[in-house]
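Quick look at protein37.cif (mmCIF, C-alpha atoms):
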```
data_final
loop_
_atom_site.label_atom_id
_atom_site.label_comp_id
_atom_site.auth_asym_id
_atom_site.auth_seq_id
_atom_site.Cartn_x
_atom_site.Cartn_y
_atom_site.Cartn_z
CA LYS A 250 32.54 -161.45 -46.72
CA ALA A 251 32.14 -163.56 -49.84
CA GLY A 252 29.05 -162.90 -51.92
CA VAL A 253 26.48 -165.32 -53.23
CA THR A 254 28.04 -167.93 -55.49
CA GLN A 255 26.30 -170.00 -58.12
CA THR A 256 27.54 -173.01 -60.06
CA PRO A 257 27.80 -173.72 -62.86
CA ARG A 258 27.82 -170.34 -64.59
CA TYR A 259 26.85 -171.75 -67.97
CA LEU A 260 25.03 -174.91 -68.93
CA ILE A 261 23.80 -176.37 -72.20
CA LYS A 262 21.22 -179.16 -72.14
CA THR A 263 18.83 -180.77 -74.59
CA ARG A 264 15.06 -181.07 -74.35
CA GLY A 265 13.89 -183.78 -71.99
CA GLN A 266 17.02 -183.76 -69.82
CA GLN A 267 17.12 -182.57 -66.24
CA VAL A 268 19.45 -180.08 -64.61
CA THR A 269 20.57 -179.16 -61.09
CA LEU A 270 21.84 -175.71 -60.22
CA SER A 271 23.64 -174.83 -57.00
CA CYS A 272 23.70 -171.72 -54.83
CA SER A 273 25.84 -170.88 -51.81
CA PRO A 274 24.46 -167.91 -49.84
CA ILE A 275 26.38 -165.21 -48.03
CA SER A 276 27.71 -166.56 -44.74
CA GLY A 277 25.07 -166.17 -42.03
CA HIS A 278 22.18 -165.75 -44.46
CA ARG A 279 19.42 -168.26 -43.93
CA SER A 280 16.93 -167.33 -46.62
CA VAL A 281 17.56 -168.30 -50.24
CA SER A 282 15.27 -167.27 -53.09
CA TRP A 283 15.43 -168.30 -56.74
CA TYR A 284 14.41 -166.27 -59.78
CA GLN A 285 14.19 -166.87 -63.51
CA GLN A 286 15.05 -164.08 -65.92
CA THR A 287 13.92 -164.22 -69.54
CA PRO A 288 13.65 -161.43 -72.12
CA GLY A 289 9.89 -161.84 -72.36
CA GLN A 290 8.90 -162.31 -68.72
CA GLY A 291 11.59 -160.39 -66.88
CA LEU A 292 12.56 -161.50 -63.38
CA GLN A 293 10.11 -164.04 -62.01
CA PHE A 294 10.11 -165.51 -58.49
CA LEU A 295 10.49 -169.30 -58.36
CA PHE A 296 10.64 -170.22 -54.66
CA GLU A 297 12.15 -169.37 -51.28
CA TYR A 298 13.78 -171.57 -48.66
CA PHE A 299 14.50 -170.89 -45.02
CA SER A 300 15.94 -173.40 -42.58
CA GLU A 301 15.59 -176.21 -45.12
CA THR A 302 11.86 -175.50 -45.62
CA GLN A 303 10.22 -174.15 -48.74
CA ARG A 304 8.05 -171.31 -47.50
CA ASN A 305 6.89 -169.78 -50.75
CA LYS A 306 6.54 -170.81 -54.37
CA GLY A 307 5.90 -168.84 -57.53
CA ASN A 308 3.72 -169.77 -60.48
CA PHE A 309 5.95 -172.35 -62.10
CA PRO A 310 5.13 -175.96 -63.03
CA GLY A 311 6.06 -178.85 -60.78
CA ARG A 312 9.07 -179.59 -63.02
CA PHE A 313 10.81 -176.83 -61.06
CA SER A 314 11.83 -177.92 -57.59
CA GLY A 315 14.43 -177.09 -55.03
CA ARG A 316 15.86 -177.86 -51.65
CA GLN A 317 18.01 -176.30 -48.98
CA PHE A 318 20.62 -178.00 -46.87
CA SER A 319 21.48 -177.49 -43.20
CA ASN A 320 24.36 -175.16 -44.16
CA SER A 321 21.84 -172.97 -46.07
CA ARG A 322 23.23 -173.97 -49.46
CA SER A 323 20.45 -174.50 -51.95
CA GLU A 324 19.88 -176.40 -55.16
CA MET A 325 17.18 -176.10 -57.76
CA ASN A 326 16.25 -178.83 -60.18
CA VAL A 327 14.41 -178.64 -63.48
CA SER A 328 13.21 -181.93 -64.92
CA THR A 329 12.09 -182.71 -68.46
CA LEU A 330 13.63 -179.55 -69.86
CA GLU A 331 11.74 -177.54 -72.47
CA LEU A 332 13.08 -174.95 -74.90
CA GLY A 333 11.27 -172.25 -72.93
CA ASP A 334 13.33 -173.04 -69.84
CA SER A 335 16.32 -171.31 -71.43
CA ALA A 336 16.99 -168.42 -69.09
CA LEU A 337 19.29 -166.85 -66.55
CA TYR A 338 18.60 -168.45 -63.16
CA LEU A 339 19.41 -166.21 -60.23
CA CYS A 340 19.78 -167.04 -56.60
CA ALA A 341 19.53 -164.43 -53.86
CA SER A 342 20.19 -164.67 -50.14
CA SER A 343 19.10 -162.59 -47.17
CA LEU A 344 19.36 -162.76 -43.39
CA GLY A 345 15.66 -163.32 -43.04
CA TYR A 346 12.65 -163.14 -45.28
CA ALA A 347 12.09 -159.44 -44.75
CA ASP A 348 15.66 -158.34 -45.36
CA THR A 349 17.45 -157.07 -48.45
CA GLN A 350 18.23 -159.79 -50.96
CA TYR A 351 21.70 -160.03 -52.48
CA PHE A 352 22.04 -161.81 -55.79
CA GLY A 353 24.59 -164.20 -57.20
CA PRO A 354 25.96 -163.95 -60.75
CA GLY A 355 23.41 -166.42 -62.11
CA THR A 356 23.52 -169.60 -64.15
CA ARG A 357 22.83 -169.21 -67.86
CA LEU A 358 20.89 -172.30 -68.99
CA THR A 359 20.46 -172.98 -72.69
CA VAL A 360 18.11 -175.76 -73.77
CA LEU A 361 18.57 -177.04 -77.32
CA ASP B 166 -1.24 -158.63 -63.71
CA GLN B 167 1.95 -156.61 -63.50
CA GLN B 168 2.06 -155.23 -59.97
CA VAL B 169 5.29 -153.27 -60.46
CA LYS B 170 5.76 -151.23 -63.61
CA GLN B 171 8.62 -149.28 -65.08
CA ASN B 172 7.03 -147.49 -67.99
CA SER B 173 10.21 -146.12 -69.54
CA PRO B 174 12.19 -148.88 -71.26
CA SER B 175 15.17 -146.57 -71.70
CA LEU B 176 16.67 -143.28 -70.57
CA SER B 177 19.60 -141.35 -71.99
CA VAL B 178 21.42 -138.74 -69.91
CA GLN B 179 24.53 -136.60 -70.25
CA GLU B 180 27.38 -137.18 -67.82
CA GLY B 181 27.11 -134.91 -64.79
CA ARG B 182 23.37 -134.41 -65.13
CA ILE B 183 20.61 -136.00 -63.04
CA SER B 184 19.10 -139.36 -63.96
CA ILE B 185 15.55 -139.98 -62.76
CA LEU B 186 14.14 -143.48 -63.02
CA ASN B 187 10.50 -144.07 -62.23
CA CYS B 188 8.47 -146.99 -60.95
CA ASP B 189 4.76 -147.47 -60.21
CA TYR B 190 3.09 -150.20 -58.22
CA THR B 191 -0.49 -151.31 -57.78
CA ASN B 192 -0.47 -153.47 -54.64
CA SER B 193 -0.93 -151.25 -51.59
CA MET B 194 0.30 -154.10 -49.37
CA PHE B 195 3.87 -153.62 -50.57
CA ASP B 196 5.86 -151.99 -47.78
CA TYR B 197 9.50 -152.33 -48.82
CA PHE B 198 11.00 -151.15 -52.09
CA LEU B 199 14.42 -151.69 -53.59
CA TRP B 200 16.44 -150.61 -56.60
CA TYR B 201 18.90 -152.91 -58.30
CA LYS B 202 21.41 -152.27 -61.08
CA LYS B 203 22.14 -155.03 -63.54
CA TYR B 204 24.69 -155.66 -66.28
CA PRO B 205 24.04 -158.31 -68.96
CA ALA B 206 24.74 -161.89 -67.87
CA GLU B 207 25.31 -160.81 -64.26
CA GLY B 208 23.14 -160.85 -61.18
CA PRO B 209 21.41 -157.66 -59.98
CA THR B 210 23.44 -155.49 -57.62
CA PHE B 211 21.56 -153.91 -54.71
CA LEU B 212 21.66 -150.10 -54.77
CA ILE B 213 19.25 -148.65 -52.25
CA SER B 214 16.00 -149.43 -50.49
CA ILE B 215 13.18 -147.63 -48.72
CA SER B 216 10.58 -148.69 -46.23
CA SER B 217 7.00 -147.49 -46.59
CA ILE B 218 7.30 -145.53 -43.34
CA LYS B 219 9.72 -143.15 -45.07
CA ASP B 220 9.40 -140.94 -48.12
CA LYS B 221 13.08 -140.46 -48.88
CA ASN B 222 16.33 -142.34 -48.46
CA GLU B 223 19.78 -141.18 -49.57
CA ASP B 224 23.02 -143.04 -50.11
CA GLY B 225 25.77 -141.04 -51.76
CA ARG B 226 24.76 -140.17 -55.32
CA PHE B 227 21.57 -142.24 -55.06
CA THR B 228 18.28 -141.04 -53.58
CA VAL B 229 15.01 -142.90 -53.61
CA PHE B 230 11.70 -141.10 -53.18
CA LEU B 231 8.45 -142.83 -52.27
CA ASN B 232 4.99 -141.34 -52.80
CA LYS B 233 2.60 -143.80 -51.19
CA SER B 234 -0.58 -141.98 -52.15
CA ALA B 235 0.43 -142.12 -55.81
CA LYS B 236 1.98 -145.60 -55.45
CA HIS B 237 5.08 -144.23 -57.13
CA LEU B 238 8.78 -144.34 -56.43
CA SER B 239 11.74 -142.83 -58.18
CA LEU B 240 15.50 -143.18 -58.13
CA HIS B 241 17.62 -140.08 -58.59
CA ILE B 242 21.29 -140.38 -59.53
CA VAL B 243 23.29 -137.17 -59.17
CA PRO B 244 25.68 -136.63 -60.81
CA SER B 245 25.34 -139.35 -63.42
CA GLN B 246 28.51 -141.09 -64.56
CA PRO B 247 29.19 -143.29 -67.62
CA GLY B 248 29.75 -146.24 -65.25
CA ASP B 249 26.12 -145.91 -64.19
CA SER B 250 25.04 -147.19 -67.63
CA ALA B 251 23.13 -150.42 -66.94
CA VAL B 252 19.61 -151.78 -66.55
CA TYR B 253 17.85 -150.56 -63.41
CA PHE B 254 15.12 -152.62 -61.77
CA CYS B 255 12.78 -151.55 -59.05
CA ALA B 256 11.40 -154.28 -56.82
CA ALA B 257 8.76 -154.47 -54.12
CA SER B 258 8.12 -156.82 -51.25
CA PHE B 259 6.12 -157.29 -48.06
CA ARG B 260 8.09 -156.99 -44.81
CA ILE B 261 4.99 -157.90 -42.85
CA ASN B 262 3.97 -161.51 -43.27
CA ALA B 263 1.02 -161.46 -45.63
CA GLY B 264 -0.11 -164.98 -44.83
CA GLY B 265 2.97 -166.82 -46.06
CA THR B 266 2.80 -165.70 -49.66
CA SER B 267 5.22 -162.90 -48.88
CA TYR B 268 8.21 -164.98 -47.87
CA GLY B 269 11.31 -164.17 -49.84
CA LYS B 270 9.45 -162.87 -52.87
CA LEU B 271 10.52 -159.75 -54.69
CA THR B 272 8.22 -158.51 -57.46
CA PHE B 273 10.25 -156.77 -60.13
CA GLY B 274 9.49 -154.15 -62.74
CA GLN B 275 10.55 -154.77 -66.33
CA GLY B 276 13.64 -152.59 -66.02
CA THR B 277 14.89 -149.31 -67.53
CA ILE B 278 18.06 -149.16 -69.60
CA LEU B 279 20.07 -146.14 -68.50
CA THR B 280 22.74 -144.79 -70.82
CA VAL B 281 25.00 -142.03 -69.57
CA HIS B 282 26.91 -140.29 -72.34
CA PRO B 283 30.36 -138.77 -71.67
#
```
Have the structure of the file written as C-alpha coordinates, please.
Amino acid sequence: KAGVTQTPRYLIKTRGQQVTLSCSPISGHRSVSWYQQTPGQGLQFLFEYFSETQRNKGNFPGRFSGRQFSNSRSEMNVSTLELGDSALYLCASSLGYADTQYFGPGTRLTVL
Amino acid sequence: DQQVKQNSPSLSVQEGRISILNCDYTNSMFDYFLWYKKYPAEGPTFLISISSIKDKNEDGRFTVFLNKSAKHLSLHIVPSQPGDSAVYFCAASFRINAGGTSYGKLTFGQGTILTVHP
(Lines of atoms letter the chains of each structure in order from A and count residues from 1; the text may use other names and numbers.)
(Lines give C-alpha, C1' and ligand atoms only; values in the text may rest on other atoms or scores of the structure.)
Protein backbone atom coordinates (compact mmCIF):
# COMPACT_ATOMS: atom_id res chain seq x y z
CA LYS A 1 0.00 0.00 0.00
CA ALA A 2 1.31 3.45 -0.89
CA GLY A 3 1.96 5.78 2.01
CA VAL A 4 0.80 9.32 2.54
CA THR A 5 2.01 11.62 -0.22
CA GLN A 6 2.39 15.38 -0.06
CA THR A 7 3.03 17.87 -2.84
CA PRO A 8 5.00 19.93 -3.37
CA ARG A 9 7.93 18.87 -1.20
CA TYR A 10 9.52 22.31 -1.20
CA LEU A 11 8.05 25.75 -1.73
CA ILE A 12 9.43 29.27 -1.56
CA LYS A 13 7.03 32.20 -1.31
CA THR A 14 7.21 35.86 -0.36
CA ARG A 15 5.32 37.68 2.37
CA GLY A 16 1.73 38.46 1.48
CA GLN A 17 1.34 35.63 -1.02
CA GLN A 18 -0.88 32.62 -0.49
CA VAL A 19 -0.04 28.94 -0.80
CA THR A 20 -1.90 25.66 -1.24
CA LEU A 21 -0.46 22.36 -0.09
CA SER A 22 -1.83 18.96 -1.07
CA CYS A 23 -2.06 15.64 0.75
CA SER A 24 -3.15 12.22 -0.50
CA PRO A 25 -3.89 9.80 2.36
CA ILE A 26 -3.26 6.08 2.49
CA SER A 27 -5.92 4.25 0.47
CA GLY A 28 -8.95 3.58 2.66
CA HIS A 29 -8.05 6.19 5.28
CA ARG A 30 -10.77 8.74 5.81
CA SER A 31 -9.26 11.00 8.44
CA VAL A 32 -6.62 13.56 7.49
CA SER A 33 -4.85 15.77 10.03
CA TRP A 34 -2.40 18.60 9.40
CA TYR A 35 0.50 19.70 11.59
CA GLN A 36 3.05 22.48 11.53
CA GLN A 37 6.59 21.83 12.71
CA THR A 38 8.89 24.70 13.64
CA PRO A 39 12.10 24.68 15.71
CA GLY A 40 10.54 26.87 18.38
CA GLN A 41 7.06 25.38 18.71
CA GLY A 42 7.62 21.76 17.75
CA LEU A 43 4.77 19.82 16.16
CA GLN A 44 1.50 21.72 16.42
CA PHE A 45 -1.94 20.46 15.36
CA LEU A 46 -3.64 22.57 12.68
CA PHE A 47 -6.91 20.77 11.84
CA GLU A 48 -8.53 17.43 11.06
CA TYR A 49 -10.93 16.41 8.31
CA PHE A 50 -13.17 13.38 8.04
CA SER A 51 -15.65 12.76 5.25
CA GLU A 52 -15.11 16.26 3.86
CA THR A 53 -15.93 17.89 7.22
CA GLN A 54 -13.54 19.76 9.46
CA ARG A 55 -14.09 18.25 12.89
CA ASN A 56 -11.31 19.85 14.88
CA LYS A 57 -9.10 22.90 14.65
CA GLY A 58 -5.97 23.94 16.51
CA ASN A 59 -5.00 27.38 17.73
CA PHE A 60 -4.00 28.94 14.44
CA PRO A 61 -5.30 32.17 12.85
CA GLY A 62 -8.01 32.14 10.22
CA ARG A 63 -5.35 32.56 7.51
CA PHE A 64 -4.88 28.80 7.81
CA SER A 65 -7.68 26.85 6.20
CA GLY A 66 -8.23 23.50 4.59
CA ARG A 67 -10.65 21.21 2.86
CA GLN A 68 -11.13 17.56 2.07
CA PHE A 69 -12.48 16.08 -1.11
CA SER A 70 -14.77 13.08 -1.60
CA ASN A 71 -11.74 10.85 -2.34
CA SER A 72 -10.27 11.87 1.06
CA ARG A 73 -7.51 13.94 -0.51
CA SER A 74 -6.96 17.13 1.42
CA GLU A 75 -5.55 20.58 0.79
CA MET A 76 -4.50 23.28 3.19
CA ASN A 77 -4.25 26.93 2.29
CA VAL A 78 -2.34 29.72 3.97
CA SER A 79 -3.23 33.24 2.89
CA THR A 80 -1.29 36.46 3.42
CA LEU A 81 1.91 34.62 4.26
CA GLU A 82 4.11 35.88 7.09
CA LEU A 83 7.77 35.13 7.77
CA GLY A 84 6.73 33.08 10.79
CA ASP A 85 4.79 30.68 8.57
CA SER A 86 8.07 29.17 7.40
CA ALA A 87 7.87 25.59 8.61
CA LEU A 88 7.55 21.95 7.70
CA TYR A 89 3.87 21.17 7.10
CA LEU A 90 2.95 17.57 7.75
CA CYS A 91 -0.13 15.66 6.80
CA ALA A 92 -1.17 12.45 8.53
CA SER A 93 -3.92 9.98 7.72
CA SER A 94 -5.73 7.35 9.75
CA LEU A 95 -8.66 4.99 9.29
CA GLY A 96 -10.73 6.87 11.81
CA TYR A 97 -10.14 9.58 14.35
CA ALA A 98 -9.07 7.20 17.09
CA ASP A 99 -6.60 5.20 15.03
CA THR A 100 -2.85 5.48 14.55
CA GLN A 101 -1.82 8.36 12.33
CA TYR A 102 0.69 7.82 9.55
CA PHE A 103 2.60 10.82 8.29
CA GLY A 104 3.65 11.98 4.87
CA PRO A 105 7.11 13.38 4.10
CA GLY A 106 5.98 16.97 4.59
CA THR A 107 6.15 20.18 2.59
CA ARG A 108 8.95 22.56 3.51
CA LEU A 109 7.60 26.11 3.13
CA THR A 110 10.00 29.03 3.18
CA VAL A 111 8.59 32.55 3.30
CA LEU A 112 10.97 35.34 2.29
CA ASP B 1 0.64 24.76 28.70
CA GLN B 2 2.73 21.85 27.49
CA GLN B 3 0.65 18.75 28.13
CA VAL B 4 3.28 16.31 26.87
CA LYS B 5 6.89 16.76 27.90
CA GLN B 6 10.13 15.10 26.97
CA ASN B 7 12.59 16.54 29.44
CA SER B 8 15.75 15.13 27.88
CA PRO B 9 16.64 16.99 24.69
CA SER B 10 19.29 14.41 23.83
CA LEU B 11 20.54 10.93 24.69
CA SER B 12 23.76 9.23 23.67
CA VAL B 13 24.10 5.44 23.82
CA GLN B 14 26.65 2.84 22.75
CA GLU B 15 25.65 0.35 20.08
CA GLY B 16 24.22 -2.83 21.59
CA ARG B 17 23.16 -1.15 24.83
CA ILE B 18 19.65 -0.15 25.89
CA SER B 19 18.20 3.24 24.99
CA ILE B 20 15.50 4.56 27.32
CA LEU B 21 13.49 7.58 26.23
CA ASN B 22 11.10 9.18 28.66
CA CYS B 23 7.90 11.17 28.35
CA ASP B 24 5.56 12.77 30.90
CA TYR B 25 2.04 14.03 30.41
CA THR B 26 -0.30 16.15 32.49
CA ASN B 27 -3.75 15.55 30.99
CA SER B 28 -5.30 12.49 32.62
CA MET B 29 -7.85 12.31 29.78
CA PHE B 30 -5.21 11.06 27.36
CA ASP B 31 -5.82 7.37 26.73
CA TYR B 32 -3.66 6.50 23.73
CA PHE B 33 0.07 7.08 23.42
CA LEU B 34 2.41 6.73 20.49
CA TRP B 35 6.11 6.97 19.71
CA TYR B 36 7.39 8.30 16.42
CA LYS B 37 10.90 8.43 14.98
CA LYS B 38 11.86 11.34 12.78
CA TYR B 39 14.77 12.23 10.51
CA PRO B 40 15.37 15.85 9.46
CA ALA B 41 13.14 17.09 6.62
CA GLU B 42 11.05 13.90 6.72
CA GLY B 43 7.72 13.05 8.26
CA PRO B 44 7.54 11.12 11.56
CA THR B 45 7.54 7.33 11.24
CA PHE B 46 5.22 5.43 13.58
CA LEU B 47 7.07 3.04 15.90
CA ILE B 48 4.77 1.71 18.59
CA SER B 49 1.68 2.64 20.55
CA ILE B 50 -0.03 1.76 23.81
CA SER B 51 -3.55 2.11 25.07
CA SER B 52 -4.20 3.28 28.62
CA ILE B 53 -5.70 -0.11 29.48
CA LYS B 54 -2.24 -1.67 29.17
CA ASP B 55 1.04 -1.01 30.92
CA LYS B 56 3.38 -2.57 28.39
CA ASN B 57 3.52 -3.20 24.67
CA GLU B 58 6.35 -4.88 22.75
CA ASP B 59 7.26 -4.91 19.09
CA GLY B 60 10.61 -6.44 18.27
CA ARG B 61 13.38 -4.29 19.75
CA PHE B 62 10.90 -1.65 20.91
CA THR B 63 8.95 -1.76 24.17
CA VAL B 64 6.75 0.97 25.55
CA PHE B 65 5.88 1.14 29.23
CA LEU B 66 3.01 3.20 30.63
CA ASN B 67 2.69 4.23 34.28
CA LYS B 68 -0.71 5.90 34.54
CA SER B 69 -0.42 6.87 38.18
CA ALA B 70 2.80 8.75 37.46
CA LYS B 71 1.54 9.96 34.05
CA HIS B 72 4.78 8.69 32.57
CA LEU B 73 5.71 6.56 29.60
CA SER B 74 9.01 5.31 28.31
CA LEU B 75 10.36 3.72 25.17
CA HIS B 76 13.04 1.06 25.48
CA ILE B 77 15.15 0.09 22.48
CA VAL B 78 17.19 -3.09 22.92
CA PRO B 79 19.72 -3.54 21.47
CA SER B 80 20.36 -0.06 20.13
CA GLN B 81 21.75 0.24 16.61
CA PRO B 82 23.41 3.19 14.83
CA GLY B 83 20.42 3.30 12.44
CA ASP B 84 18.24 4.16 15.43
CA SER B 85 19.89 7.59 15.61
CA ALA B 86 17.07 10.09 15.04
CA VAL B 87 14.67 12.37 16.91
CA TYR B 88 12.05 10.49 18.91
CA PHE B 89 8.68 12.06 19.68
CA CYS B 90 6.08 10.81 22.06
CA ALA B 91 2.49 11.79 21.34
CA ALA B 92 -0.80 11.48 23.16
CA SER B 93 -4.41 11.47 22.07
CA PHE B 94 -7.95 10.73 23.21
CA ARG B 95 -9.54 7.60 21.73
CA ILE B 96 -12.78 8.42 23.49
CA ASN B 97 -14.54 11.42 22.04
CA ALA B 98 -13.90 14.25 24.46
CA GLY B 99 -16.62 16.49 23.10
CA GLY B 100 -15.25 16.95 19.60
CA THR B 101 -11.97 18.56 20.57
CA SER B 102 -10.28 15.18 20.42
CA TYR B 103 -10.80 14.44 16.76
CA GLY B 104 -7.60 13.68 14.93
CA LYS B 105 -5.40 15.63 17.31
CA LEU B 106 -2.08 14.31 18.51
CA THR B 107 -0.28 16.33 21.18
CA PHE B 108 3.46 15.94 20.80
CA GLY B 109 6.39 16.28 23.14
CA GLN B 110 9.36 18.39 22.07
CA GLY B 111 11.41 15.37 21.02
CA THR B 112 14.63 13.67 22.16
CA ILE B 113 17.63 13.36 19.88
CA LEU B 114 19.01 9.83 20.16
CA THR B 115 22.56 9.17 19.02
CA VAL B 116 23.79 5.59 18.95
CA HIS B 117 27.56 5.32 18.67
CA PRO B 118 29.17 2.32 16.91
Separation of CA of Gly252 in chain A from CA of Thr228 in chain B in Å: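 Those two atoms sit 24.4 Å apart.
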Polymer residues at most 10 Å from (21.7, -160.2, -70.3) by only C-alpha atoms, as a VMD selection string: (chain A and resid 286 to 288 336 to 337 357) or (chain B and resid 203 to 208 252)
For the residues in the current selection, export C-alpha atoms as an mmCIF file, in the frame of the given file.
```
data_model
loop_
_atom_site.group_PDB
_atom_site.id
_atom_site.type_symbol
_atom_site.label_atom_id
_atom_site.label_comp_id
_atom_site.auth_asym_id
_atom_site.auth_seq_id
_atom_site.Cartn_x
_atom_site.Cartn_y
_atom_site.Cartn_z
ATOM 1 C CA GLN A 286 15.050 -164.080 -65.920
ATOM 2 C CA THR A 287 13.920 -164.220 -69.540
ATOM 3 C CA PRO A 288 13.650 -161.430 -72.120
ATOM 4 C CA ALA A 336 16.990 -168.420 -69.090
ATOM 5 C CA LEU A 337 19.290 -166.850 -66.550
ATOM 6 C CA ARG A 357 22.830 -169.210 -67.860
ATOM 7 C CA LYS B 203 22.140 -155.030 -63.540
ATOM 8 C CA TYR B 204 24.690 -155.660 -66.280
ATOM 9 C CA PRO B 205 24.040 -158.310 -68.960
ATOM 10 C CA ALA B 206 24.740 -161.890 -67.870
ATOM 11 C CA GLU B 207 25.310 -160.810 -64.260
ATOM 12 C CA GLY B 208 23.140 -160.850 -61.180
ATOM 13 C CA VAL B 252 19.610 -151.780 -66.550
#
```
Gap from CA of Phe273 in chain B to CA of Gly291 in chain A - Å, one decimal: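 We find that CA of Phe273 in chain B and CA of Gly291 in chain A lie 7.8 Å from each other.
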Straight-line distance linking CA of Gln317 in chain A with CA of Trp283 in chain A, stated in Å to one decimal: 11.4 Å
Counting all atoms listed in the file, which residues of chain B fall within 9 Å of chain A, and what is the closest atom pair for each with its distance in Å at one decimal, ordered by chain and rising number, as a tab-separated table?
```
residue	atom	partner	partner_atom	distance
B:Tyr197	CA	A:Ala347	CA	8.6
B:Leu199	CA	A:Thr349	CA	8.0
B:Ala206	CA	A:Gly355	CA	7.4
B:Glu207	CA	A:Pro354	CA	4.8
B:Gly208	CA	A:Pro354	CA	4.2
B:Pro209	CA	A:Phe352	CA	5.9
B:Thr210	CA	A:Phe352	CA	6.7
B:Phe211	CA	A:Tyr351	CA	6.5
B:Ser214	CA	A:Thr349	CA	8.0
B:Ser258	CA	A:Ala347	CA	8.1
B:Phe259	CA	A:Ala347	CA	7.2
B:Arg260	CA	A:Ala347	CA	4.7
B:Ile261	CA	A:Ala347	CA	7.5
B:Asn262	CA	A:Ala347	CA	8.5
B:Gly265	CA	A:Asn305	CA	6.8
B:Thr266	CA	A:Asn305	CA	5.9
B:Ser267	CA	A:Asn305	CA	7.3
B:Tyr268	CA	A:Tyr346	CA	5.5
B:Gly269	CA	A:Tyr346	CA	4.9
B:Lys270	CA	A:Phe294	CA	6.2
B:Leu271	CA	A:Phe294	CA	6.9
B:Thr272	CA	A:Phe294	CA	7.3
B:Phe273	CA	A:Leu292	CA	6.2
B:Gly274	CA	A:Gly291	CA	7.8
B:Gln275	CA	A:Gly291	CA	5.7
B:Gly276	CA	A:Gly291	CA	8.1
```
Residues near Ser193 in chain B, cut-off 9 Å, all atoms listed in the file, skip fewer than 2 positions along chain, as a ChimeraX atom specification: /B:190-191,195-196,233,236
Leu260 in chain A surroundings by all atoms listed in the file, 10 Å radius, close-in-sequence under 5 positions cut, as JSON, numbers by chain: {"A": [268, 269, 270, 335, 356, 357, 358, 359, 360]}
Residue members of the PyMOL selection byres ((chain B and resi 280) around 6) in the file shown, as a PyMOL selection string: chain B and resi 177+250+279+281
Residues selected by the PyMOL selection byres ((chain B and resi 179-187) around 7), written as an MDAnalysis selection string: chainID B and resid 171 178 188:189 238:247 281:283
Residues in the PyMOL selection byres ((chain A and resi 316) around 8), expressed as a PyMOL selection string: chain A and resi 298+301-303+314-315+317-318+323-325
For the selection just defined, write its residues with C-alpha atoms to a file, as a tab-separated table (two decimals), in the frame of the given file.
```tsv
chain	number	residue	atom	x	y	z
A	298	TYR	CA	13.78	-171.57	-48.66
A	301	GLU	CA	15.59	-176.21	-45.12
A	302	THR	CA	11.86	-175.50	-45.62
A	303	GLN	CA	10.22	-174.15	-48.74
A	314	SER	CA	11.83	-177.92	-57.59
A	315	GLY	CA	14.43	-177.09	-55.03
A	317	GLN	CA	18.01	-176.30	-48.98
A	318	PHE	CA	20.62	-178.00	-46.87
A	323	SER	CA	20.45	-174.50	-51.95
A	324	GLU	CA	19.88	-176.40	-55.16
A	325	MET	CA	17.18	-176.10	-57.76
```
Best match for closeness to Thr277 in chain B among B:Arg226, B:Lys219, B:Lys170, B:His237, counting all atoms listed in the file: B:Lys170
